[in-house]
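Everything below belongs to final_37.json, which stores JSON, C-alpha atoms.
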[["chain", "number", "residue", "atom", "x", "y", "z"],
["A", 1, "MET", "CA", -20.08, 16.50, -6.62],
["A", 2, "GLN", "CA", -22.59, 14.10, -8.15],
["A", 3, "PRO", "CA", -21.78, 10.81, -9.88],
["A", 4, "ASN", "CA", -22.07, 10.68, -13.64],
["A", 5, "LEU", "CA", -24.87, 8.23, -14.32],
["A", 6, "GLN", "CA", -24.97, 8.66, -18.10],
["A", 7, "HIS", "CA", -23.27, 5.41, -19.02],
["A", 8, "SER", "CA", -24.23, 5.65, -22.67],
["A", 9, "SER", "CA", -21.93, 8.64, -23.19],
["A", 10, "LYS", "CA", -18.83, 6.80, -22.03],
["A", 11, "PRO", "CA", -16.29, 5.90, -24.67],
["A", 12, "ALA", "CA", -15.52, 2.28, -25.34],
["A", 13, "VAL", "CA", -12.09, 1.14, -24.27],
["A", 14, "ASP", "CA", -9.62, 1.41, -27.16],
["A", 15, "SER", "CA", -8.35, -2.10, -27.91],
["A", 16, "ASN", "CA", -4.85, -0.70, -28.44],
["A", 17, "ARG", "CA", -4.68, 0.48, -24.86],
["A", 18, "GLY", "CA", -6.97, -2.11, -23.28],
["A", 19, "PHE", "CA", -4.21, -3.78, -21.29],
["A", 20, "GLN", "CA", -2.94, -0.42, -20.10],
["A", 21, "VAL", "CA", -6.41, 0.53, -18.86],
["A", 22, "TRP", "CA", -6.77, -2.69, -16.84],
["A", 23, "TRP", "CA", -3.21, -2.47, -15.55],
["A", 24, "GLN", "CA", -3.63, 1.14, -14.43],
["A", 25, "MET", "CA", -6.81, 0.18, -12.59],
["A", 26, "THR", "CA", -4.70, -1.96, -10.25],
["A", 27, "ARG", "CA", -2.84, 1.28, -9.36],
["A", 28, "PRO", "CA", 0.59, -0.32, -9.87],
["A", 29, "HIS", "CA", 2.51, 2.34, -7.94],
["A", 30, "THR", "CA", 0.84, 1.02, -4.77],
["A", 31, "LEU", "CA", 1.69, -2.65, -5.39],
["A", 32, "THR", "CA", 5.20, -2.21, -4.02],
["A", 33, "ALA", "CA", 3.50, -1.64, -0.67],
["A", 34, "SER", "CA", 2.75, -5.38, -0.77],
["A", 35, "PHE", "CA", 5.92, -6.64, -2.46],
["A", 36, "VAL", "CA", 8.41, -4.93, -0.14],
["A", 37, "PRO", "CA", 6.96, -6.30, 3.15],
["A", 38, "VAL", "CA", 6.93, -9.87, 1.80],
["A", 39, "LEU", "CA", 10.55, -9.55, 0.67],
["A", 40, "LEU", "CA", 11.57, -8.02, 3.98],
["A", 41, "GLY", "CA", 9.79, -10.63, 6.10],
["A", 42, "THR", "CA", 11.44, -13.38, 4.10],
["A", 43, "ALA", "CA", 14.87, -11.74, 4.42],
["A", 44, "LEU", "CA", 14.43, -11.66, 8.19],
["A", 45, "SER", "CA", 13.76, -15.39, 8.24],
["A", 46, "LEU", "CA", 17.25, -16.12, 6.92],
["A", 47, "SER", "CA", 18.65, -15.93, 10.43],
["A", 48, "ASP", "CA", 16.31, -18.74, 11.50],
["A", 49, "GLY", "CA", 16.83, -21.23, 8.69],
["A", 50, "LYS", "CA", 16.26, -22.00, 5.03],
["A", 51, "ILE", "CA", 13.77, -20.05, 2.95],
["A", 52, "HIS", "CA", 10.85, -21.98, 1.46],
["A", 53, "LEU", "CA", 10.52, -20.48, -2.03],
["A", 54, "GLY", "CA", 7.04, -21.91, -2.59],
["A", 55, "LEU", "CA", 5.66, -20.13, 0.47],
["A", 56, "PHE", "CA", 7.52, -16.96, -0.45],
["A", 57, "PHE", "CA", 5.95, -16.77, -3.91],
["A", 58, "ALA", "CA", 2.54, -17.81, -2.59],
["A", 59, "MET", "CA", 2.60, -15.03, 0.00],
["A", 60, "LEU", "CA", 3.86, -12.54, -2.58],
["A", 61, "ILE", "CA", 1.15, -13.33, -5.13],
["A", 62, "ALA", "CA", -1.63, -13.38, -2.53],
["A", 63, "SER", "CA", -0.53, -10.01, -1.13],
["A", 64, "LEU", "CA", -0.36, -8.43, -4.59],
["A", 65, "LEU", "CA", -3.81, -9.78, -5.47],
["A", 66, "ILE", "CA", -5.35, -8.43, -2.27],
["A", 67, "GLN", "CA", -3.72, -5.03, -2.84],
["A", 68, "ALA", "CA", -4.94, -4.90, -6.46],
["A", 69, "ALA", "CA", -8.45, -5.94, -5.41],
["A", 70, "THR", "CA", -8.48, -3.29, -2.68],
["A", 71, "ASN", "CA", -7.59, -0.68, -5.29],
["A", 72, "MET", "CA", -10.45, -1.87, -7.47],
["A", 73, "PHE", "CA", -12.89, -1.65, -4.56],
["A", 74, "ASN", "CA", -11.64, 1.90, -4.14],
["A", 75, "GLU", "CA", -12.26, 2.54, -7.86],
["A", 76, "TYR", "CA", -15.78, 1.14, -7.62],
["A", 77, "TYR", "CA", -16.87, 2.99, -4.50],
["A", 78, "ASP", "CA", -15.26, 6.28, -5.48],
["A", 79, "TYR", "CA", -17.41, 6.13, -8.61],
["A", 80, "LYS", "CA", -20.56, 5.12, -6.74],
["A", 81, "ARG", "CA", -20.13, 7.96, -4.26],
["A", 82, "GLY", "CA", -19.41, 10.52, -6.97],
["A", 83, "LEU", "CA", -15.76, 11.11, -6.10],
["A", 84, "ASP", "CA", -14.50, 10.27, -9.60],
["A", 85, "ASN", "CA", -15.37, 12.08, -12.80],
["A", 86, "GLU", "CA", -13.85, 12.55, -16.26],
["A", 87, "ASN", "CA", -11.54, 15.23, -14.87],
["A", 88, "SER", "CA", -10.20, 13.18, -11.97],
["A", 89, "ILE", "CA", -6.44, 13.48, -11.55],
["A", 90, "GLY", "CA", -4.27, 10.38, -11.36],
["A", 91, "ILE", "CA", -4.86, 6.78, -12.33],
["A", 92, "GLY", "CA", -8.18, 6.45, -10.54],
["A", 93, "GLY", "CA", -11.38, 7.15, -12.47],
["A", 94, "THR", "CA", -11.10, 4.29, -14.97],
["A", 95, "ILE", "CA", -14.84, 3.74, -14.84],
["A", 96, "VAL", "CA", -15.76, 7.29, -15.84],
["A", 97, "ARG", "CA", -12.92, 7.84, -18.31],
["A", 98, "ASP", "CA", -12.48, 4.50, -20.04],
["A", 99, "GLY", "CA", -15.95, 3.03, -20.16],
["A", 100, "ILE", "CA", -15.30, 0.09, -17.81],
["A", 101, "LYS", "CA", -18.58, -1.03, -16.27],
["A", 102, "PRO", "CA", -18.73, -0.70, -12.45],
["A", 103, "LYS", "CA", -20.11, -4.25, -12.18],
["A", 104, "THR", "CA", -17.09, -5.56, -14.09],
["A", 105, "VAL", "CA", -14.68, -3.81, -11.75],
["A", 106, "MET", "CA", -16.41, -5.29, -8.70],
["A", 107, "GLN", "CA", -16.49, -8.78, -10.21],
["A", 108, "LEU", "CA", -12.80, -8.62, -11.07],
["A", 109, "ALA", "CA", -11.94, -7.47, -7.54],
["A", 110, "LEU", "CA", -13.93, -10.32, -6.02],
["A", 111, "GLY", "CA", -12.26, -12.72, -8.47],
["A", 112, "LEU", "CA", -8.82, -11.60, -7.31],
["A", 113, "TYR", "CA", -9.96, -12.11, -3.72],
["A", 114, "GLY", "CA", -11.07, -15.63, -4.64],
["A", 115, "ILE", "CA", -7.66, -16.51, -6.09],
["A", 116, "ALA", "CA", -5.92, -15.02, -3.04],
["A", 117, "LEU", "CA", -8.18, -17.14, -0.82],
["A", 118, "LEU", "CA", -7.16, -20.33, -2.63],
["A", 119, "ILE", "CA", -3.49, -19.41, -2.28],
["A", 120, "GLY", "CA", -4.14, -18.73, 1.38],
["A", 121, "VAL", "CA", -5.45, -22.28, 1.81],
["A", 122, "TYR", "CA", -2.12, -23.60, 0.50],
["A", 123, "ILE", "CA", -0.21, -21.36, 2.91],
["A", 124, "CYS", "CA", -2.35, -22.48, 5.86],
["A", 125, "MET", "CA", -1.99, -26.15, 4.93],
["A", 126, "SER", "CA", 1.79, -25.69, 4.94],
["A", 127, "THR", "CA", 1.97, -23.65, 8.16],
["A", 128, "SER", "CA", -0.94, -22.88, 10.50],
["A", 129, "TRP", "CA", -4.68, -22.52, 10.07],
["A", 130, "TRP", "CA", -4.61, -19.60, 12.49],
["A", 131, "LEU", "CA", -3.33, -17.60, 9.51],
["A", 132, "ALA", "CA", -6.74, -18.06, 7.90],
["A", 133, "VAL", "CA", -8.21, -15.73, 10.52],
["A", 134, "LEU", "CA", -5.59, -13.07, 9.86],
["A", 135, "GLY", "CA", -6.01, -13.45, 6.12],
["A", 136, "LEU", "CA", -9.77, -13.01, 6.30],
["A", 137, "VAL", "CA", -9.37, -9.95, 8.52],
["A", 138, "CYS", "CA", -6.92, -8.43, 6.02],
["A", 139, "MET", "CA", -9.35, -9.06, 3.17],
["A", 140, "ALA", "CA", -12.22, -7.58, 5.17],
["A", 141, "VAL", "CA", -10.19, -4.43, 5.89],
["A", 142, "GLY", "CA", -9.29, -4.20, 2.19],
["A", 143, "TYR", "CA", -12.98, -4.15, 1.31],
["A", 144, "LEU", "CA", -14.10, -1.93, 4.18],
["A", 145, "TYR", "CA", -11.42, 0.64, 3.40],
["A", 146, "THR", "CA", -13.79, 2.21, 0.89],
["A", 147, "GLY", "CA", -16.78, -0.16, 1.06],
["A", 148, "GLY", "CA", -19.50, -0.62, 3.64],
["A", 149, "PRO", "CA", -21.55, 2.01, 5.46],
["A", 150, "PHE", "CA", -18.56, 3.52, 7.32],
["A", 151, "PRO", "CA", -15.53, 3.48, 4.97],
["A", 152, "ILE", "CA", -12.17, 3.62, 6.73],
["A", 153, "ALA", "CA", -10.92, 5.94, 3.97],
["A", 154, "TYR", "CA", -13.39, 8.60, 5.14],
["A", 155, "THR", "CA", -11.83, 8.73, 8.62],
["A", 156, "PRO", "CA", -8.49, 9.97, 10.05],
["A", 157, "PHE", "CA", -7.44, 6.33, 10.59],
["A", 158, "GLY", "CA", -6.76, 5.30, 7.00],
["A", 159, "GLU", "CA", -2.99, 5.67, 7.36],
["A", 160, "ILE", "CA", -2.91, 3.51, 10.50],
["A", 161, "PHE", "CA", -4.95, 0.72, 8.92],
["A", 162, "ALA", "CA", -2.93, 0.80, 5.69],
["A", 163, "GLY", "CA", 0.40, 0.85, 7.52],
["A", 164, "PHE", "CA", -0.50, -1.95, 9.92],
["A", 165, "PHE", "CA", -2.32, -4.35, 7.61],
["A", 166, "MET", "CA", -0.35, -3.74, 4.39],
["A", 167, "GLY", "CA", 2.99, -3.06, 6.07],
["A", 168, "MET", "CA", 3.74, -4.55, 9.46],
["A", 169, "LEU", "CA", 1.32, -7.48, 9.36],
["A", 170, "ILE", "CA", 2.49, -8.69, 5.95],
["A", 171, "ILE", "CA", 6.10, -8.64, 7.19],
["A", 172, "LEU", "CA", 5.21, -10.64, 10.28],
["A", 173, "ILE", "CA", 3.10, -13.18, 8.37],
["A", 174, "SER", "CA", 5.86, -13.57, 5.76],
["A", 175, "TYR", "CA", 8.32, -14.16, 8.58],
["A", 176, "PHE", "CA", 5.99, -16.54, 10.42],
["A", 177, "ILE", "CA", 5.32, -18.83, 7.45],
["A", 178, "GLN", "CA", 9.07, -19.35, 7.09],
["A", 179, "THR", "CA", 9.98, -19.73, 10.76],
["A", 180, "GLY", "CA", 6.80, -20.68, 12.64],
["A", 181, "THR", "CA", 7.22, -17.79, 15.08],
["A", 182, "VAL", "CA", 7.25, -14.00, 15.46],
["A", 183, "THR", "CA", 10.17, -12.35, 17.26],
["A", 184, "THR", "CA", 10.84, -8.96, 18.78],
["A", 185, "TYR", "CA", 13.45, -8.45, 16.06],
["A", 186, "SER", "CA", 10.91, -8.93, 13.27],
["A", 187, "ILE", "CA", 8.48, -6.53, 14.96],
["A", 188, "LEU", "CA", 11.11, -3.83, 15.44],
["A", 189, "ILE", "CA", 12.29, -4.07, 11.82],
["A", 190, "SER", "CA", 8.71, -3.79, 10.55],
["A", 191, "VAL", "CA", 7.96, -0.49, 12.35],
["A", 192, "PRO", "CA", 9.43, 1.89, 9.72],
["A", 193, "ILE", "CA", 7.64, 0.01, 6.94],
["A", 194, "LEU", "CA", 4.37, 0.49, 8.82],
["A", 195, "VAL", "CA", 5.10, 4.22, 8.83],
["A", 196, "LEU", "CA", 6.15, 4.41, 5.18],
["A", 197, "VAL", "CA", 3.20, 2.38, 3.86],
["A", 198, "GLY", "CA", 0.97, 4.72, 5.86],
["A", 199, "ALA", "CA", 2.82, 7.61, 4.20],
["A", 200, "ILE", "CA", 1.78, 6.34, 0.75],
["A", 201, "ASN", "CA", -1.84, 6.54, 1.85],
["A", 202, "PHE", "CA", -1.19, 9.93, 3.46],
["A", 203, "SER", "CA", 0.35, 11.31, 0.26],
["A", 204, "ASN", "CA", -2.76, 10.35, -1.70],
["A", 205, "ASN", "CA", -4.96, 12.12, 0.85],
["A", 206, "ILE", "CA", -2.78, 15.25, 0.75],
["A", 207, "ARG", "CA", -3.07, 15.37, -3.02],
["A", 208, "ASP", "CA", -6.86, 14.89, -2.92],
["A", 209, "LEU", "CA", -7.42, 17.08, 0.15],
["A", 210, "ASP", "CA", -9.69, 19.69, -1.46],
["A", 211, "GLY", "CA", -11.81, 17.20, -3.36],
["A", 212, "ASP", "CA", -12.15, 14.91, -0.36],
["A", 213, "LYS", "CA", -13.22, 17.84, 1.80],
["A", 214, "GLU", "CA", -15.97, 18.75, -0.67],
["A", 215, "ASN", "CA", -17.24, 15.18, -0.57],
["A", 216, "GLY", "CA", -17.46, 14.91, 3.21],
["A", 217, "ARG", "CA", -14.34, 12.93, 4.02],
["A", 218, "LYS", "CA", -12.58, 13.50, 7.35],
["A", 219, "THR", "CA", -9.09, 12.29, 6.49],
["A", 220, "LEU", "CA", -6.05, 13.12, 8.59],
["A", 221, "ALA", "CA", -4.83, 15.45, 5.84],
["A", 222, "ILE", "CA", -8.11, 17.39, 5.99],
["A", 223, "LEU", "CA", -8.03, 17.66, 9.78],
["A", 224, "LEU", "CA", -4.44, 18.95, 9.77],
["A", 225, "GLY", "CA", -4.58, 21.13, 6.67],
["A", 226, "LYS", "CA", -2.06, 20.87, 3.85],
["A", 227, "ASN", "CA", 0.92, 22.61, 5.45],
["A", 228, "ARG", "CA", 0.78, 20.67, 8.71],
["A", 229, "ALA", "CA", 0.08, 17.44, 6.83],
["A", 230, "VAL", "CA", 3.22, 17.89, 4.71],
["A", 231, "THR", "CA", 5.20, 18.66, 7.86],
["A", 232, "LEU", "CA", 3.90, 15.48, 9.49],
["A", 233, "MET", "CA", 4.89, 13.49, 6.41],
["A", 234, "GLY", "CA", 8.40, 14.90, 6.76],
["A", 235, "TYR", "CA", 8.51, 13.69, 10.35],
["A", 236, "MET", "CA", 7.31, 10.26, 9.23],
["A", 237, "PHE", "CA", 10.28, 10.01, 6.88],
["A", 238, "ILE", "CA", 12.69, 11.27, 9.56],
["A", 239, "PHE", "CA", 11.31, 8.80, 12.10],
["A", 240, "SER", "CA", 11.83, 5.88, 9.71],
["A", 241, "PHE", "CA", 15.50, 6.72, 9.11],
["A", 242, "ILE", "CA", 16.23, 7.44, 12.77],
["A", 243, "TRP", "CA", 14.51, 4.20, 13.81],
["A", 244, "ILE", "CA", 16.87, 2.10, 11.69],
["A", 245, "LEU", "CA", 19.89, 4.06, 12.93],
["A", 246, "GLY", "CA", 18.71, 3.39, 16.47],
["A", 247, "LEU", "CA", 18.44, -0.34, 15.77],
["A", 248, "ILE", "CA", 21.98, -0.31, 14.36],
["A", 249, "ILE", "CA", 23.40, 1.58, 17.35],
["A", 250, "THR", "CA", 21.73, -0.82, 19.80],
["A", 251, "GLY", "CA", 22.98, -3.83, 17.87],
["A", 252, "VAL", "CA", 19.52, -5.03, 16.85],
["A", 253, "ALA", "CA", 19.99, -4.48, 13.12],
["A", 254, "PRO", "CA", 23.18, -5.20, 11.13],
["A", 255, "ILE", "CA", 25.38, -2.23, 10.20],
["A", 256, "TRP", "CA", 24.62, -2.91, 6.54],
["A", 257, "THR", "CA", 21.07, -1.64, 6.98],
["A", 258, "VAL", "CA", 22.51, 1.88, 7.08],
["A", 259, "ILE", "CA", 22.16, 1.81, 3.28],
["A", 260, "VAL", "CA", 18.50, 2.78, 3.73],
["A", 261, "LEU", "CA", 19.85, 6.34, 3.94],
["A", 262, "LEU", "CA", 20.29, 6.18, 0.17],
["A", 263, "SER", "CA", 16.52, 6.64, -0.12],
["A", 264, "ILE", "CA", 16.67, 10.08, 1.50],
["A", 265, "PRO", "CA", 16.76, 11.95, -1.87],
["A", 266, "LYS", "CA", 13.38, 10.47, -2.83],
["A", 267, "ALA", "CA", 11.91, 11.48, 0.52],
["A", 268, "LEU", "CA", 13.19, 15.03, 0.04],
["A", 269, "LYS", "CA", 11.73, 15.11, -3.46],
["A", 270, "ALA", "CA", 8.34, 14.11, -2.08],
["A", 271, "ILE", "CA", 8.33, 16.82, 0.59],
["A", 272, "LYS", "CA", 9.54, 19.51, -1.78],
["A", 273, "GLY", "CA", 6.93, 18.47, -4.34],
["A", 274, "PHE", "CA", 4.07, 18.69, -1.87],
["A", 275, "LYS", "CA", 5.26, 22.06, -0.57],
["A", 276, "ALA", "CA", 5.50, 23.51, -4.08],
["A", 277, "GLY", "CA", 2.37, 21.90, -5.51],
["A", 278, "VAL", "CA", -1.01, 23.57, -5.32],
["A", 279, "THR", "CA", -3.25, 21.49, -7.56],
["A", 280, "PRO", "CA", -3.62, 17.70, -7.54],
["A", 281, "ILE", "CA", -1.81, 17.32, -10.86],
["A", 282, "GLN", "CA", 1.12, 19.37, -9.54],
["A", 283, "MET", "CA", 1.36, 17.13, -6.45],
["A", 284, "ALA", "CA", 1.11, 13.85, -8.38],
["A", 285, "PRO", "CA", 4.92, 13.52, -8.80],
["A", 286, "ALA", "CA", 5.34, 14.02, -5.05],
["A", 287, "MET", "CA", 2.88, 11.22, -4.38],
["A", 288, "LYS", "CA", 4.86, 8.97, -6.74],
["A", 289, "ALA", "CA", 8.09, 9.93, -4.96],
["A", 290, "THR", "CA", 6.51, 8.90, -1.63],
["A", 291, "ALA", "CA", 5.73, 5.43, -2.97],
["A", 292, "GLN", "CA", 9.26, 5.21, -4.40],
["A", 293, "THR", "CA", 10.71, 6.15, -1.01],
["A", 294, "ASN", "CA", 8.92, 3.18, 0.55],
["A", 295, "THR", "CA", 10.08, 0.87, -2.23],
["A", 296, "ILE", "CA", 13.73, 1.92, -2.15],
["A", 297, "PHE", "CA", 13.86, 2.02, 1.65],
["A", 298, "GLY", "CA", 12.33, -1.45, 1.90],
["A", 299, "PHE", "CA", 14.56, -2.99, -0.77],
["A", 300, "LEU", "CA", 17.67, -1.49, 0.78],
["A", 301, "LEU", "CA", 16.62, -2.65, 4.24],
["A", 302, "ALA", "CA", 16.14, -6.20, 2.91],
["A", 303, "ILE", "CA", 19.54, -6.06, 1.17],
["A", 304, "GLY", "CA", 21.13, -4.83, 4.39],
["A", 305, "ILE", "CA", 19.62, -7.74, 6.29],
["A", 306, "PHE", "CA", 20.77, -10.20, 3.62],
["A", 307, "LEU", "CA", 24.30, -8.77, 3.82],
["A", 308, "GLY", "CA", 24.21, -8.95, 7.60],
["A", 309, "HIS", "CA", 23.44, -12.65, 7.33],
["A", 310, "PHE", "CA", 26.06, -13.56, 4.71],
["A", 311, "VAL", "CA", 28.82, -11.06, 5.57],
["A", 312, "SER", "CA", 29.93, -11.13, 9.18]]
Target format structure tokens, applied to this file:
Amino acid sequence: MQPNLQHSSKPAVDSNRGFQVWWQMTRPHTLTASFVPVLLGTALSLSDGKIHLGLFFAMLIASLLIQAATNMFNEYYDYKRGLDNENSIGIGGTIVRDGIKPKTVMQLALGLYGIALLIGVYICMSTSWWLAVLGLVCMAVGYLYTGGPFPIAYTPFGEIFAGFFMGMLIILISYFIQTGTVTTYSILISVPILVLVGAINFSNNIRDLDGDKENGRKTLAILLGKNRAVTLMGYMFIFSFIWILGLIITGVAPIWTVIVLLSIPKALKAIKGFKAGVTPIQMAPAMKATAQTNTIFGFLLAIGIFLGHFVS
């Protein structure tokens, strides 16, 4: 598949849907992958003292900006490498469909990184400058996911990087800036979010399996094949629920966190959708259900932790 280099044939962005075009380019269904870990890390800090709202909102905004910028890097490099065209399924492909210049997308992504960097300075000034190292590493991974000579997205390790850096690490940083430490409890609670954030990435790769294969990617979904990939995703969901039940049984997590089981219907919808779907457009609802599973699970887990703190 070759990139479309005929820029002159692209339609101008309709002013009536201009905001929608820019908003969709941030891939909003993925932004919860940043919001939920920040909320959860902050909820965990309740047991160690008062929450600093300024740091909470700073961490939240910085995480959302980095996630949005990462999505724009993905938009830019998918276009440059010929992965997006006018017939691309989903909310990617803004450059080829809506006439947004590639240079503009890259500049906007770097601008969001710049704002996140300034917010990071405030967080470091209020906590520890060691966080600057972690923040820069996270930003580098966000860029290198699809940028650079060896994009992470082209390897079987995309799910691990996404789950760790956009799931577990955000929880631990959010917890650290409130408490000044990282505990075994915070690490254990963050494990299922690592898995579920990775599942969002995995669902995208399952949907795009055929196209990615044609373009030389070696994602985990491609290596496993669709059927085994969907089965693995099912096990990822099961693991996340069993992990929380295990923490409850061992007394690590409060009994209230059992409410995460209310997100099971969304997980089932995702698996059923991937099993039934054949084309990317048929599997798009299943990909959305995967992201919703992470969101609902994470919100319910945070609520359970809040309840465990206030209701004894």
**Prompt:** Which distance in Å separates CA of Leu31 (chain A) and CA of Gly142 (chain A), to one decimal?
**Reply:**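 Straight-line distance from CA of Leu31 (chain A) to CA of Gly142 (chain A) works out to 13.4 Å.
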Contact table region 146-224 of chain A vs region 57-64 of chain A, cut-off 10 Å, shortest pair per residue, only C-alpha atoms, as JSON lines:
{"residue": "A:Met166", "atom": "CA", "partner": "A:Ser63", "partner_atom": "CA", "distance": 8.4}
{"residue": "A:Ile170", "atom": "CA", "partner": "A:Ser63", "partner_atom": "CA", "distance": 7.8}
{"residue": "A:Ile173", "atom": "CA", "partner": "A:Met59", "partner_atom": "CA", "distance": 8.6}
{"residue": "A:Ser174", "atom": "CA", "partner": "A:Met59", "partner_atom": "CA", "distance": 6.8}
{"residue": "A:Ile177", "atom": "CA", "partner": "A:Met59", "partner_atom": "CA", "distance": 8.8}
**Among listed residues A:Leu224, A:Ile281, A:Ile66, A:Leu247, nearest Val137 (chain A) (using all atoms listed in the file)** = A:Ile66
Spatial neighbours of Tyr175 (chain A), 10 Å, all atoms listed in the file, chain gap at least 6 places, as a PDB file with C-alpha atoms, in the coordinates of the input:
ATOM      1  CA  PRO A  37       6.960  -6.300   3.150  1.00  0.00           C
ATOM      2  CA  VAL A  38       6.930  -9.870   1.800  1.00  0.00           C
ATOM      3  CA  LEU A  39      10.550  -9.550   0.670  1.00  0.00           C
ATOM      4  CA  LEU A  40      11.570  -8.020   3.980  1.00  0.00           C
ATOM      5  CA  GLY A  41       9.790 -10.630   6.100  1.00  0.00           C
ATOM      6  CA  THR A  42      11.440 -13.380   4.100  1.00  0.00           C
ATOM      7  CA  ALA A  43      14.870 -11.740   4.420  1.00  0.00           C
ATOM      8  CA  LEU A  44      14.430 -11.660   8.190  1.00  0.00           C
ATOM      9  CA  SER A  45      13.760 -15.390   8.240  1.00  0.00           C
ATOM     10  CA  LEU A  46      17.250 -16.120   6.920  1.00  0.00           C
ATOM     11  CA  ASP A  48      16.310 -18.740  11.500  1.00  0.00           C
ATOM     12  CA  ILE A  51      13.770 -20.050   2.950  1.00  0.00           C
ATOM     13  CA  PHE A  56       7.520 -16.960  -0.450  1.00  0.00           C
ATOM     14  CA  LEU A 169       1.320  -7.480   9.360  1.00  0.00           C
ATOM     15  CA  THR A 181       7.220 -17.790  15.080  1.00  0.00           C
ATOM     16  CA  VAL A 182       7.250 -14.000  15.460  1.00  0.00           C
ATOM     17  CA  THR A 183      10.170 -12.350  17.260  1.00  0.00           C
ATOM     18  CA  SER A 186      10.910  -8.930  13.270  1.00  0.00           C
ATOM     19  CA  ILE A 187       8.480  -6.530  14.960  1.00  0.00           C
TER      20      ILE A 187
END
**Request:** Check the smallest atom-to-atom distance from each of A:Gly273, A:Phe157, A:Gly147, A:Asp210 to Gly234 (chain A) using all atoms listed in the file, then report the winner.
**Result:**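 For Gly234 (chain A), the nearest of the given residues is A:Gly273.
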**Prompt:** Rounded to one decimal in Å, what is the spacing between CA of Ile305 (chain A) and CA of Ala68 (chain A)?
**Reply:**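 Spanning CA of Ile305 (chain A) to CA of Ala68 (chain A) is a straight-line distance of 27.8 Å.
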**Asked** Which residue gives the smallest distance to Thr184 (chain A) among A:Ala116, A:Leu172, A:Tyr143, A:Tyr76, with all atoms listed in the file counted?
**Response**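 Counting all atoms listed in the file, the residue closest to Thr184 (chain A) is A:Leu172.
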**Prompt:** For Asn201 (chain A), which residue among A:Ala291, A:Leu188, A:Ile119, A:Leu268 is the nearest when counting all atoms listed in the file?
**Reply:**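 Smallest separation from Asn201 (chain A) among the options: A:Ala291.
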**Message:** Here is a test: counting all atoms listed in the file, which residue of A:Phe274, A:Trp129, A:Tyr79, A:Phe297 is nearest to Arg207 (chain A)?
**Reply:** A:Phe274
**Complete:** From CA of Phe237 (chain A) to CA of Leu196 (chain A) the spacing works out at 7.2 Å
Residue neighbourhood Thr295 (chain A), 9 Å, all atoms listed in the file, exclusion window fewer than 3 positions, as a CSV table (one decimal) with C-alpha atoms, in the frame of the given file:
chain,number,residue,atom,x,y,z
A,32,THR,CA,5.2,-2.2,-4.0
A,33,ALA,CA,3.5,-1.6,-0.7
A,35,PHE,CA,5.9,-6.6,-2.5
A,36,VAL,CA,8.4,-4.9,-0.1
A,263,SER,CA,16.5,6.6,-0.1
A,290,THR,CA,6.5,8.9,-1.6
A,291,ALA,CA,5.7,5.4,-3.0
A,292,GLN,CA,9.3,5.2,-4.4
A,298,GLY,CA,12.3,-1.4,1.9
A,299,PHE,CA,14.6,-3.0,-0.8
A,300,LEU,CA,17.7,-1.5,0.8
